[in-house]
$ cat input_17.txt   # compact mmCIF, C-alpha atoms
# COMPACT_ATOMS: atom_id res chain seq x y z
CA TYR W 1 -39.83 2.05 -58.37
CA ALA W 2 -36.81 0.15 -59.83
CA GLY W 3 -36.14 3.11 -62.12
CA MET W 4 -39.68 3.17 -63.50
CA PRO W 5 -41.79 6.33 -63.11
CA LEU W 6 -45.07 5.38 -61.47
CA ASP W 7 -46.43 8.87 -60.91
CA SER W 8 -49.72 10.10 -62.39
CA MET W 9 -51.22 6.61 -62.45
CA VAL W 10 -54.83 6.33 -61.26
CA LEU W 11 -57.03 3.24 -60.84
CA HIS W 12 -60.69 3.76 -60.03
CA ALA W 13 -62.99 0.75 -59.58
CA VAL W 14 -66.48 0.05 -58.23
CA ILE W 15 -67.59 -3.47 -57.25
CA LYS W 16 -71.28 -4.16 -56.69
CA ASN W 17 -73.32 -7.38 -56.74
CA GLY W 18 -70.54 -9.39 -58.34
CA ASP W 19 -69.89 -6.80 -61.07
CA MET W 20 -66.84 -4.56 -61.37
CA LYS W 21 -66.43 -1.40 -63.40
CA GLY W 22 -63.22 0.55 -63.45
CA ARG W 23 -60.84 2.80 -65.28
CA PHE W 24 -57.06 3.00 -65.34
CA THR W 25 -55.23 6.09 -66.53
CA SER W 26 -51.56 6.92 -66.74
CA ALA W 27 -49.85 10.13 -67.82
CA ASN W 28 -46.14 9.92 -67.10
CA ARG W 29 -42.97 9.72 -69.18
CA MET W 30 -43.08 5.90 -69.28
CA LEU W 31 -46.76 5.25 -70.01
CA GLN W 32 -49.68 7.23 -71.38
CA ALA W 33 -52.84 5.13 -71.38
CA ASN W 34 -56.60 5.15 -70.86
CA LEU W 35 -58.14 1.72 -70.21
CA ASP W 36 -61.68 0.70 -69.25
CA LEU W 37 -61.93 -2.36 -66.99
CA SER W 38 -64.86 -4.62 -66.27
CA GLY W 39 -65.50 -7.97 -64.62
CA ASN W 40 -68.14 -10.20 -63.12
CA VAL W 41 -68.68 -13.53 -61.42
CA ALA W 42 -71.44 -15.81 -62.73
CA ASN W 43 -71.95 -19.58 -62.80
CA LYS W 44 -68.69 -20.08 -60.90
CA VAL W 45 -66.70 -18.32 -63.64
CA LEU W 46 -64.79 -15.07 -63.21
CA SER W 47 -64.75 -12.95 -66.38
CA ALA W 48 -62.85 -9.74 -67.05
CA SER W 49 -62.14 -7.39 -69.93
CA VAL W 50 -59.78 -4.55 -70.76
CA LYS W 51 -60.53 -2.03 -73.51
CA GLY W 52 -58.74 1.15 -74.40
CA GLY W 53 -55.66 2.74 -75.81
CA ILE W 54 -52.01 2.71 -74.89
CA GLU W 55 -51.08 5.99 -76.53
CA ASP W 56 -47.39 5.72 -75.69
CA LEU W 57 -45.18 3.19 -73.89
CA PHE W 58 -41.49 4.08 -73.62
CA LEU W 59 -39.71 0.69 -73.76
CA HIS W 60 -36.50 2.08 -72.28
CA TYR W 61 -38.00 1.86 -68.79
CA LEU W 62 -38.80 -1.83 -69.30
CA GLY W 63 -35.29 -2.68 -70.53
CA VAL W 64 -36.62 -3.63 -73.97
CA GLY W 65 -35.39 -2.24 -77.32
CA ASN W 66 -33.09 0.71 -77.67
CA ASP W 67 -33.44 3.84 -75.55
CA THR W 68 -35.60 5.67 -78.11
CA THR W 69 -38.27 3.07 -78.93
CA HIS W 70 -41.92 3.93 -78.26
CA VAL W 71 -44.91 1.65 -78.89
CA GLY W 72 -48.65 2.05 -78.82
CA ALA W 73 -51.81 0.05 -79.49
CA TYR W 74 -55.53 -0.25 -78.85
CA LEU W 75 -56.51 -3.21 -76.64
CA ASN W 76 -59.69 -5.24 -76.60
CA VAL W 77 -58.97 -8.21 -74.35
CA ASN W 78 -61.33 -10.63 -72.60
CA ALA W 79 -60.41 -13.36 -70.12
CA TYR W 80 -62.11 -15.93 -67.93
CA VAL W 81 -61.20 -18.50 -65.29
CA SER W 82 -63.36 -21.10 -63.58
CA GLU W 83 -63.71 -21.17 -59.83
CA ASP W 84 -61.68 -24.37 -59.54
CA GLY W 85 -59.01 -23.11 -61.94
CA THR W 86 -59.33 -26.03 -64.37
CA ARG W 87 -60.63 -23.87 -67.21
CA MET W 88 -59.29 -20.52 -68.31
CA GLY W 89 -58.79 -18.57 -71.47
CA THR W 90 -58.46 -15.23 -73.21
CA ASP W 91 -59.39 -13.77 -76.54
CA GLY W 92 -59.47 -10.41 -78.23
CA SER W 93 -57.45 -8.15 -80.45
CA ILE W 94 -54.61 -5.66 -80.40
CA ASP W 95 -55.22 -2.99 -83.03
CA GLN W 96 -53.43 0.12 -84.28
CA ILE W 97 -50.07 -1.42 -83.33
CA ARG W 98 -47.29 1.11 -83.82
CA MET W 99 -43.60 1.34 -83.07
CA VAL W 100 -41.60 4.55 -83.41
CA THR W 101 -38.02 5.78 -83.04
CA PRO W 102 -36.64 9.18 -84.13
CA SER W 103 -35.50 7.66 -87.45
CA GLN W 104 -38.26 5.19 -88.36
CA GLY W 105 -41.63 3.79 -87.44
CA PHE W 106 -44.67 1.83 -88.55
CA THR W 107 -48.36 1.39 -87.89
CA ALA W 108 -49.67 -2.11 -88.60
CA MET W 109 -52.51 -2.29 -91.13
CA TYR W 110 -54.06 -5.34 -89.47
CA ALA W 111 -55.14 -6.05 -85.92
CA LEU W 112 -53.52 -8.94 -84.09
CA ASN W 113 -56.32 -11.30 -83.05
CA PHE W 114 -55.86 -14.12 -80.55
CA ASP W 115 -57.73 -16.90 -78.80
CA PHE W 116 -56.36 -19.09 -75.99
CA ASP W 117 -58.14 -21.79 -74.00
CA THR W 118 -57.05 -24.49 -71.57
CA SER W 119 -59.02 -27.15 -69.70
CA SER W 120 -58.26 -30.30 -67.71
CA ASP W 121 -57.13 -32.24 -70.80
CA SER W 122 -56.05 -29.79 -73.51
CA THR W 123 -54.65 -26.39 -74.43
CA SER W 124 -55.19 -24.51 -77.68
CA ALA W 125 -54.02 -21.18 -79.05
CA HIS W 126 -54.74 -19.27 -82.26
CA ILE W 127 -53.17 -16.03 -83.47
CA PHE W 128 -54.19 -14.42 -86.74
CA ALA W 129 -53.68 -11.05 -88.42
CA GLY W 130 -53.74 -10.25 -92.12
CA ASP W 131 -51.93 -13.13 -93.84
CA LEU W 132 -50.51 -14.48 -90.56
CA ASP W 133 -52.11 -17.57 -89.05
CA ALA W 134 -50.55 -19.52 -86.17
CA ARG W 135 -52.18 -22.42 -84.30
CA MET W 136 -51.13 -24.75 -81.51
CA ASN W 137 -52.87 -27.68 -79.82
CA ILE W 138 -51.52 -29.73 -76.88
CA ASP W 139 -53.21 -32.62 -75.05
CA LYS W 140 -52.26 -31.19 -71.64
CA PRO W 141 -53.64 -28.37 -69.49
CA VAL W 142 -51.41 -25.32 -69.34
CA ALA W 143 -50.79 -25.97 -65.62
CA GLU W 144 -49.06 -29.26 -66.50
CA ILE W 145 -47.05 -28.14 -69.54
CA ALA W 146 -44.31 -26.40 -67.56
CA GLY W 147 -43.95 -29.45 -65.31
CA VAL W 148 -43.75 -31.82 -68.29
CA MET W 149 -41.07 -29.69 -69.95
CA GLY W 150 -39.17 -29.43 -66.66
CA ASN W 151 -39.20 -33.22 -66.27
CA ILE W 152 -37.91 -33.61 -69.84
CA VAL W 153 -35.05 -31.18 -69.19
CA ASP W 154 -34.15 -32.91 -65.91
CA THR W 155 -34.19 -36.33 -67.61
CA VAL W 156 -31.97 -35.13 -70.46
CA MET W 157 -29.48 -33.58 -68.02
CA VAL W 158 -29.19 -36.85 -66.10
CA GLN W 159 -28.78 -38.79 -69.35
CA VAL W 160 -26.05 -36.41 -70.54
CA GLN W 161 -24.21 -36.82 -67.24
CA ASN W 162 -24.44 -40.60 -67.68
CA ALA W 163 -23.34 -40.32 -71.34
CA ASP W 164 -26.41 -42.26 -72.44
CA ILE W 165 -29.11 -40.19 -74.16
CA ASP W 166 -32.22 -42.35 -74.44
CA GLN W 167 -34.12 -40.48 -77.15
CA ARG W 168 -37.01 -42.93 -77.12
CA LYS W 169 -37.58 -42.36 -73.40
CA VAL W 170 -37.52 -38.59 -73.91
CA SER W 171 -39.98 -38.87 -76.82
CA GLU W 172 -42.40 -40.86 -74.69
CA MET W 173 -42.41 -38.03 -72.12
CA MET W 174 -43.51 -35.46 -74.68
CA PRO W 175 -47.15 -34.41 -75.02
CA ASN W 176 -49.09 -34.73 -78.26
CA MET W 177 -48.57 -31.34 -79.84
CA ASN W 178 -49.29 -29.71 -83.19
CA PHE W 179 -48.03 -26.26 -84.18
CA SER W 180 -48.38 -24.50 -87.52
CA MET W 181 -47.71 -21.00 -88.80
CA VAL W 182 -48.01 -19.35 -92.21
CA GLY W 183 -47.35 -15.72 -92.94
CA GLY W 184 -46.31 -13.19 -95.52
CA LYS W 185 -45.77 -9.44 -95.66
CA ASN W 186 -49.17 -8.22 -94.51
CA ASN W 187 -49.19 -8.67 -90.75
CA PRO W 188 -47.81 -7.06 -87.56
CA LEU W 189 -45.07 -9.71 -87.18
CA TYR W 190 -43.63 -8.79 -90.57
CA ASN W 191 -43.91 -5.09 -89.69
CA THR W 192 -41.89 -5.70 -86.53
CA MET W 193 -39.26 -7.75 -88.38
CA SER W 194 -38.92 -5.04 -91.02
CA PHE W 195 -38.56 -2.43 -88.27
CA MET W 196 -35.62 -4.49 -86.90
CA GLY W 197 -33.93 -4.76 -90.31
CA TYR W 198 -35.24 -8.15 -91.51
CA GLY W 199 -37.55 -9.04 -94.37
CA LEU W 200 -39.08 -12.06 -96.10
CA ASP W 201 -41.68 -12.93 -98.70
CA SER W 202 -43.32 -15.76 -96.78
CA VAL W 203 -42.79 -18.34 -94.06
CA ASN W 204 -44.37 -21.74 -93.46
CA VAL W 205 -43.72 -23.70 -90.25
CA ARG W 206 -45.15 -26.92 -88.86
CA LEU W 207 -44.01 -28.91 -85.84
CA ARG W 208 -45.52 -32.04 -84.32
CA SER W 209 -44.62 -34.20 -81.37
CA VAL W 210 -46.06 -37.69 -80.86
CA PRO W 211 -44.83 -39.78 -77.89
CA SER W 212 -44.59 -42.95 -79.99
CA LYS W 213 -42.75 -41.26 -82.87
CA GLY W 214 -40.92 -38.24 -81.48
CA LEU W 215 -40.52 -34.89 -83.19
CA ASP W 216 -41.31 -34.05 -86.79
CA GLY W 217 -41.30 -30.62 -88.35
CA LYS W 218 -40.50 -28.48 -91.35
CA MET W 219 -39.82 -24.79 -91.91
CA GLU W 220 -39.66 -22.94 -95.24
CA VAL W 221 -38.65 -19.29 -95.49
CA PHE W 222 -38.69 -17.52 -98.85
CA ALA W 223 -36.57 -14.43 -99.65
CA LEU W 224 -35.20 -13.86 -96.16
CA LYS W 225 -33.31 -10.56 -96.16
CA THR W 226 -30.98 -8.96 -93.65
CA GLY W 227 -28.64 -6.15 -94.59
CA GLY W 228 -27.19 -6.92 -98.03
CA LEU W 229 -27.76 -10.66 -97.73
CA LEU W 230 -30.69 -12.33 -99.50
CA LEU W 231 -31.49 -16.02 -98.94
CA ASP W 232 -33.81 -17.18 -101.70
CA VAL W 233 -35.11 -20.37 -100.11
CA THR W 234 -34.27 -21.64 -96.62
CA THR W 235 -35.60 -25.05 -95.63
CA ALA W 236 -35.18 -26.87 -92.33
CA ARG W 237 -36.47 -30.38 -91.59
CA LEU W 238 -36.52 -31.95 -88.13
CA PHE W 239 -37.40 -35.62 -87.79
CA GLN W 240 -36.80 -38.66 -85.64
CA ASP W 241 -36.22 -42.22 -86.85
CA SER W 242 -34.61 -45.40 -85.53
CA THR W 243 -31.17 -43.76 -85.61
CA GLY W 244 -32.23 -40.75 -83.57
CA LEU W 245 -33.15 -37.09 -84.01
CA GLN W 246 -31.96 -35.45 -87.24
CA LEU W 247 -31.90 -31.88 -88.56
CA LYS W 248 -31.42 -31.09 -92.24
CA CYS W 249 -31.09 -27.47 -93.37
CA ASP W 250 -30.70 -26.24 -96.94
CA ILE W 251 -30.19 -22.75 -98.35
CA THR W 252 -30.63 -22.28 -102.10
CA ASN W 253 -29.49 -18.98 -103.60
CA ARG W 254 -29.85 -19.21 -107.38
CA SER W 255 -32.36 -16.54 -108.43
CA LYS W 256 -31.35 -13.95 -111.03
CA ARG W 257 -31.95 -11.08 -108.60
CA ASN W 258 -29.57 -12.54 -106.02
CA PRO W 259 -26.00 -11.16 -106.26
CA ASN W 260 -24.69 -13.82 -103.85
CA LYS W 261 -25.38 -17.14 -105.52
CA PHE W 262 -24.57 -20.26 -103.50
CA ASP W 263 -25.99 -23.41 -101.94
CA ALA W 264 -25.42 -24.40 -98.33
CA HIS W 265 -26.36 -27.58 -96.49
CA LEU W 266 -26.22 -28.43 -92.80
CA ASN W 267 -26.94 -31.90 -91.43
CA GLY W 268 -27.16 -32.51 -87.71
CA ARG W 269 -27.67 -35.76 -85.79
CA LEU W 270 -28.22 -36.60 -82.14
CA PHE W 271 -26.77 -39.89 -80.91
CA ASN W 272 -27.00 -41.64 -77.57
CA ASP W 273 -23.51 -40.36 -76.69
CA GLY W 274 -23.46 -36.94 -78.35
CA GLY W 275 -24.10 -35.44 -81.76
CA SER W 276 -22.65 -34.31 -85.05
CA ILE W 277 -22.92 -31.42 -87.51
CA GLU W 278 -21.73 -31.43 -91.12
CA THR W 279 -21.70 -28.31 -93.32
CA VAL W 280 -21.32 -28.09 -97.10
CA PHE W 281 -20.98 -24.87 -99.12
CA LEU W 282 -21.12 -24.65 -102.94
CA ASP W 283 -20.42 -21.33 -104.68
CA GLU W 284 -21.92 -19.77 -107.79
CA LYS W 285 -19.92 -22.11 -110.04
CA ASN W 286 -20.97 -25.11 -107.95
CA LYS W 287 -17.43 -25.35 -106.59
CA GLU W 288 -17.11 -26.78 -103.11
CA GLY W 289 -15.75 -24.20 -100.69
CA LEU W 290 -16.49 -26.06 -97.47
CA ASN W 291 -17.24 -29.64 -96.50
CA LEU W 292 -16.48 -30.27 -92.86
CA GLY W 293 -18.13 -32.13 -90.02
CA VAL W 294 -17.71 -32.21 -86.25
CA ARG W 295 -18.64 -35.20 -84.09
CA ALA W 296 -18.88 -34.66 -80.33
CA GLN W 297 -18.97 -37.55 -77.85
CA ILE W 298 -19.51 -37.47 -74.12
CA ALA W 299 -18.25 -40.05 -71.64
CA LYS W 300 -19.69 -40.97 -68.26
CA GLU W 301 -16.71 -39.54 -66.42
CA GLY W 302 -17.45 -36.12 -67.95
CA THR W 303 -14.95 -36.21 -70.81
CA LEU W 304 -15.86 -34.47 -74.07
CA THR W 305 -14.18 -35.68 -77.27
CA VAL W 306 -14.48 -33.87 -80.61
CA ARG W 307 -13.54 -35.43 -83.94
CA LEU W 308 -13.45 -33.98 -87.46
CA PHE W 309 -14.86 -35.73 -90.53
CA PRO W 310 -14.98 -36.73 -93.37
CA GLU W 311 -11.47 -38.07 -93.87
CA VAL W 312 -11.12 -35.88 -96.98
CA SER W 313 -12.65 -32.50 -96.16
CA THR W 314 -12.80 -29.14 -97.89
CA ILE W 315 -11.77 -25.97 -96.07
CA ALA W 316 -11.57 -22.64 -97.94
CA TYR W 317 -11.74 -24.49 -101.30
CA ARG W 318 -8.76 -26.70 -100.41
CA LYS W 319 -8.95 -30.45 -99.98
CA PHE W 320 -7.58 -31.58 -96.64
CA LYS W 321 -6.86 -35.12 -95.58
CA ILE W 322 -7.57 -35.59 -91.88
CA ASN W 323 -6.08 -38.41 -89.87
CA LYS W 324 -8.81 -40.97 -89.35
CA ASP W 325 -8.14 -41.31 -85.62
CA ASN W 326 -8.12 -37.54 -84.94
CA TYR W 327 -9.45 -36.29 -81.63
CA PHE W 328 -9.55 -33.29 -79.31
CA THR W 329 -10.47 -34.21 -75.74
CA ILE W 330 -11.31 -32.11 -72.68
CA SER W 331 -11.65 -33.95 -69.39
CA LYS W 332 -13.86 -32.99 -66.48
CA ASP W 333 -10.89 -31.40 -64.70
CA LYS W 334 -10.09 -29.29 -67.81
CA CYS W 335 -7.14 -31.39 -68.95
CA VAL W 336 -6.74 -31.50 -72.73
CA SER W 337 -5.24 -33.91 -75.21
CA ALA W 338 -5.30 -33.83 -78.99
CA ASP W 339 -4.09 -35.47 -82.17
CA VAL W 340 -5.37 -33.63 -85.23
CA ASN W 341 -3.39 -33.68 -88.47
CA LEU W 342 -4.68 -31.83 -91.56
CA LEU W 343 -2.72 -32.06 -94.81
CA ALA W 344 -3.90 -30.09 -97.86
CA ASP W 345 -3.50 -31.09 -101.50
CA ASP W 346 -0.86 -28.32 -101.85
CA GLN W 347 1.02 -29.79 -98.85
CA THR W 348 -0.10 -27.05 -96.45
CA GLY W 349 -0.31 -28.70 -93.06
CA LEU W 350 -1.84 -28.06 -89.66
CA LYS W 351 -1.15 -30.15 -86.59
CA ILE W 352 -2.68 -29.91 -83.14
CA GLU W 353 -1.23 -32.37 -80.68
CA THR W 354 -0.38 -32.94 -77.07
CA PRO W 355 3.41 -33.14 -76.67
CA GLU W 356 4.53 -36.63 -75.73
CA GLY W 357 5.69 -36.59 -72.16
CA GLY W 358 4.46 -33.00 -71.72
CA SER W 359 1.73 -31.55 -69.59
CA ILE W 360 -1.75 -32.77 -70.38
CA ARG W 361 -2.82 -29.13 -70.07
CA GLU W 362 -0.57 -28.08 -72.97
CA MET W 363 -0.91 -28.41 -76.73
CA THR W 364 1.35 -27.77 -79.68
CA VAL W 365 -0.02 -26.14 -82.84
CA SER W 366 2.20 -26.23 -85.93
CA LEU W 367 1.84 -25.00 -89.50
CA SER W 368 3.86 -26.21 -92.45
CA ASN W 369 4.31 -25.11 -96.08
CA LEU W 370 2.08 -22.06 -95.56
CA ASN W 371 1.93 -19.83 -98.65
CA LEU W 372 2.22 -16.32 -97.22
CA ASP W 373 1.45 -14.74 -100.61
CA GLU W 374 -2.10 -16.04 -100.28
$ encode --input "input_17.txt" --output "structure tokens"
Amino acid sequence: YAGMPLDSMVLHAVIKNGDMKGRFTSANRMLQANLDLSGNVANKVLSASVKGGIEDLFLHYLGVGNDTTHVGAYLNVNAYVSEDGTRMGTDGSIDQIRMVTPSQGFTAMYALNFDFDTSSDSTSAHIFAGDLDARMNIDKPVAEIAGVMGNIVDTVMVQVQNADIDQRKVSEMMPNMNFSMVGGKNNPLYNTMSFMGYGLDSVNVRLRSVPSKGLDGKMEVFALKTGGLLLDVTTARLFQDSTGLQLKCDITNRSKRNPNKFDAHLNGRLFNDGGSIETVFLDEKNKEGLNLGVRAQIAKEGTLTVRLFPEVSTIAYRKFKINKDNYFTISKDKCVSADVNLLADDQTGLKIETPEGGSIREMTVSLSNLNLDE
């Protein structure tokens, strides 16, 4: 069915006096598994459990991973739901997690344990394995969370269309939520990241939402590695104050073992009519290679205007003076207009402008005093 082999799958179950015992087996090229099933109904609560091994699952048939990735694990999962559906939850563990391709593979040393519960007024989740510990608490039942998030998205879309983002109103729609995660190298998540070509020493994340205050969070990642790039310390801070939502990211690369020494900073802000991002890059000698910001504004009629800042910016180690009233505008009907004038300290120039009297769908880009030897 849909390209998935479903042959050699057998489900046998016996239900008697409110109890169920069963067994599921599969022996085809997509899935090899032997699982014991059980369930019962007591005190208006339906309980069920699944125990057994998934010897081999070929992810190619599920459209996940590359076409040679196989996974396996041992499951011990319990679940319950009340008769009225107001309470439900699951807990258990996934052990002997393994992932294999013809060229590499791993078997996790630690089982992934989990616990999830939801009731009429709260939802909680806990995942832990080795040195990984992640927790989340929300003051809403899981049945309402999707609706709350959908209402927030709908409200933001309307506000964007009206070019008036009321961040306070959006904050007040959010549930009380706390999320935290700490982890290092001894857990299945790290094993999976390493399998995909990423590495790190440790990660620490916390995120909180309070209707009266908005969002507040911080992430720290130490020794993030991908390919030949090593990021010693990566820090991201998300917070909301009277001026709006802000994001501050910093990368510090100064350790002796790091061949690519630099500092990078990114500051983002959300305003009632758009947002801005400013990026700064300092090399090994603390020389500024980049200092450039972009401010985007939306208008009620659907026009998007982008402006560059600061007035004296750095691009590729060169100082550029940007005209203070620069803009690049795209209207709702895809008409464009621009007036951007960058002049470097060595007199290299770049102009992007809409020709006077020309089509509002045309632009002129001109370069001056460009040093071709460079």
$ residues_around --input "input_17.txt" --residues "stretch 38-46 of chain W" --least-positions-apart "6" --cutoff "8 Å" --atoms "all atoms listed in the file" --output "list in words"
Gly18, Asp19, Met20, Lys21, Gly22, Tyr80, Val81, Ser82 and Glu83 of chain W
$ residues_around --input "input_17.txt" --residues "W:Asp325" --least-positions-apart "5" --cutoff "10 Å" --atoms "only C-alpha atoms" --output "PyMOL selection string"
chain W and resi 307-308+311+339-341
$ atom_distance --input "input_17.txt" --atom1 "atom CA of W:Tyr74" --atom2 "atom CA of W:Tyr110"
11.9 Å
$ residues_near_point --input "input_17.txt" --point "(-21.0, -26.1, -100.0)" --cutoff "10 Å" --atoms "only C-alpha atoms" --output "MDAnalysis selection string"
chainID W and resid 251 262:266 279:283 286:292 314 317
$ atom_distance --input "input_17.txt" --atom1 "atom CA of W:Asn258" --atom2 "atom CA of W:Asp232"
7.6 Å
$ atom_distance --input "input_17.txt" --atom1 "atom CA of W:Arg237" --atom2 "atom CA of W:Ala299"
28.7 Å
$ residues_around --input "input_17.txt" --residues "stretch 300-306 of chain W" --least-positions-apart "5" --cutoff "9 Å" --atoms "all atoms listed in the file" --output "tab-separated table (two decimals) with C-alpha atoms, in the coordinates of the input"
chain	number	residue	atom	x	y	z
W	160	VAL	CA	-26.05	-36.41	-70.54
W	161	GLN	CA	-24.21	-36.82	-67.24
W	162	ASN	CA	-24.44	-40.60	-67.68
W	163	ALA	CA	-23.34	-40.32	-71.34
W	164	ASP	CA	-26.41	-42.26	-72.44
W	294	VAL	CA	-17.71	-32.21	-86.25
W	295	ARG	CA	-18.64	-35.20	-84.09
W	326	ASN	CA	-8.12	-37.54	-84.94
W	327	TYR	CA	-9.45	-36.29	-81.63
W	328	PHE	CA	-9.55	-33.29	-79.31
W	329	THR	CA	-10.47	-34.21	-75.74
W	330	ILE	CA	-11.31	-32.11	-72.68
W	331	SER	CA	-11.65	-33.95	-69.39
W	332	LYS	CA	-13.86	-32.99	-66.48
W	333	ASP	CA	-10.89	-31.40	-64.70
W	334	LYS	CA	-10.09	-29.29	-67.81
$ closest_residue --input "input_17.txt" --among "W:Gly217, W:Pro355, W:Gly349, W:Gly85" --to "W:Leu367" --atoms "all atoms listed in the file"
W:Gly349
$ residues_around --input "input_17.txt" --residues "W:Gly274" --least-positions-apart "3" --cutoff "6 Å" --atoms "all atoms listed in the file" --output "VMD selection string"
chain W and resid 271 296 to 298
$ residues_around --input "input_17.txt" --residues "W:Lys319" --least-positions-apart "3" --cutoff "6 Å" --atoms "only C-alpha atoms" --output "PyMOL selection string"
chain W and resi 313-314+344-345
$ write_last_selection --input "input_17.txt" --atoms "C-alpha atoms" --output "PDB file, keeping the file's coordinate frame"
ATOM      1  CA  SER W 313     -12.650 -32.500 -96.160  1.00  0.00           C
ATOM      2  CA  THR W 314     -12.800 -29.140 -97.890  1.00  0.00           C
ATOM      3  CA  ALA W 344      -3.900 -30.090 -97.860  1.00  0.00           C
ATOM      4  CA  ASP W 345      -3.500 -31.090-101.500  1.00  0.00           C
TER       5      ASP W 345
END
$ closest_residue --input "input_17.txt" --among "W:Cys335, W:Leu231, W:Val10, W:Val142" --to "W:Tyr198" --atoms "only C-alpha atoms"
W:Leu231
$ closest_atom_pairs --input "input_17.txt" --of "stretch 187-244 of chain W" --to "stretch 88-105 of chain W" --cutoff "9 Å" --atoms "only C-alpha atoms" --output "CSV"
residue,atom,partner,partner_atom,distance
W:Pro188,CA,W:Ile97,CA,7.4
W:Thr192,CA,W:Met99,CA,8.0
W:Phe195,CA,W:Gly105,CA,7.0
$ write_last_selection --input "input_17.txt" --atoms "C-alpha atoms" --output "short mmCIF file (atom, residue, chain, number, x, y, z; two decimals), in the coordinates of the input"
data_model
loop_
_atom_site.label_atom_id
_atom_site.label_comp_id
_atom_site.auth_asym_id
_atom_site.auth_seq_id
_atom_site.Cartn_x
_atom_site.Cartn_y
_atom_site.Cartn_z
CA PRO W 188 -47.81 -7.06 -87.56
CA THR W 192 -41.89 -5.70 -86.53
CA PHE W 195 -38.56 -2.43 -88.27
#
$ closest_residue --input "input_17.txt" --among "W:Gly184, W:Gly244, W:Gly63, W:Gly197" --to "W:Ala223" --atoms "only C-alpha atoms"
W:Gly184
$ residues_near_point --input "input_17.txt" --point "(-4.2, -26.4, -86.6)" --cutoff "7 Å" --atoms "all atoms listed in the file" --output "list in words"
Leu350, Lys351, Ile352, Val365, Ser366 and Leu367 of chain W
$ closest_residue --input "input_17.txt" --among "W:Gly130, W:Pro211, W:Gly72, W:Gly293" --to "W:Gly52" --atoms "all atoms listed in the file"
W:Gly72
$ closest_residue --input "input_17.txt" --among "W:Leu6, W:Leu112, W:Leu270, W:Met157" --to "W:Asn186" --atoms "only C-alpha atoms"
W:Leu112
$ build_atoms --input "input_17.txt" --residues "stretch 142-152 of chain W" --atoms "N, CA, C and O atoms" --output "compact mmCIF listing (two decimals), in the frame of the given file"
# COMPACT_ATOMS: atom_id res chain seq x y z
N VAL W 142 -52.57 -26.21 -69.41
CA VAL W 142 -51.41 -25.32 -69.34
C VAL W 142 -50.68 -25.46 -68.01
O VAL W 142 -49.46 -25.30 -67.93
N ALA W 143 -51.41 -25.82 -66.94
CA ALA W 143 -50.79 -25.97 -65.62
C ALA W 143 -49.80 -27.12 -65.59
O ALA W 143 -48.88 -27.14 -64.76
N GLU W 144 -49.96 -28.11 -66.49
CA GLU W 144 -49.06 -29.26 -66.50
C GLU W 144 -47.91 -29.12 -67.50
O GLU W 144 -46.92 -29.84 -67.39
N ILE W 145 -48.04 -28.23 -68.47
CA ILE W 145 -47.05 -28.14 -69.54
C ILE W 145 -45.67 -27.79 -69.00
O ILE W 145 -44.67 -28.41 -69.37
N ALA W 146 -45.61 -26.80 -68.12
CA ALA W 146 -44.31 -26.40 -67.56
C ALA W 146 -43.67 -27.55 -66.80
O ALA W 146 -42.46 -27.78 -66.89
N GLY W 147 -44.49 -28.31 -66.04
CA GLY W 147 -43.95 -29.45 -65.31
C GLY W 147 -43.44 -30.54 -66.22
O GLY W 147 -42.40 -31.15 -65.97
N VAL W 148 -44.18 -30.81 -67.32
CA VAL W 148 -43.75 -31.82 -68.29
C VAL W 148 -42.42 -31.41 -68.92
O VAL W 148 -41.49 -32.23 -69.02
N MET W 149 -42.32 -30.15 -69.33
CA MET W 149 -41.07 -29.69 -69.95
C MET W 149 -39.92 -29.71 -68.95
O MET W 149 -38.79 -30.05 -69.30
N GLY W 150 -40.21 -29.37 -67.69
CA GLY W 150 -39.17 -29.43 -66.66
C GLY W 150 -38.67 -30.85 -66.44
O GLY W 150 -37.47 -31.08 -66.28
N ASN W 151 -39.59 -31.82 -66.43
CA ASN W 151 -39.20 -33.22 -66.27
C ASN W 151 -38.34 -33.70 -67.45
O ASN W 151 -37.39 -34.46 -67.27
N ILE W 152 -38.69 -33.24 -68.66
CA ILE W 152 -37.91 -33.61 -69.84
C ILE W 152 -36.49 -33.05 -69.72
O ILE W 152 -35.51 -33.77 -69.97
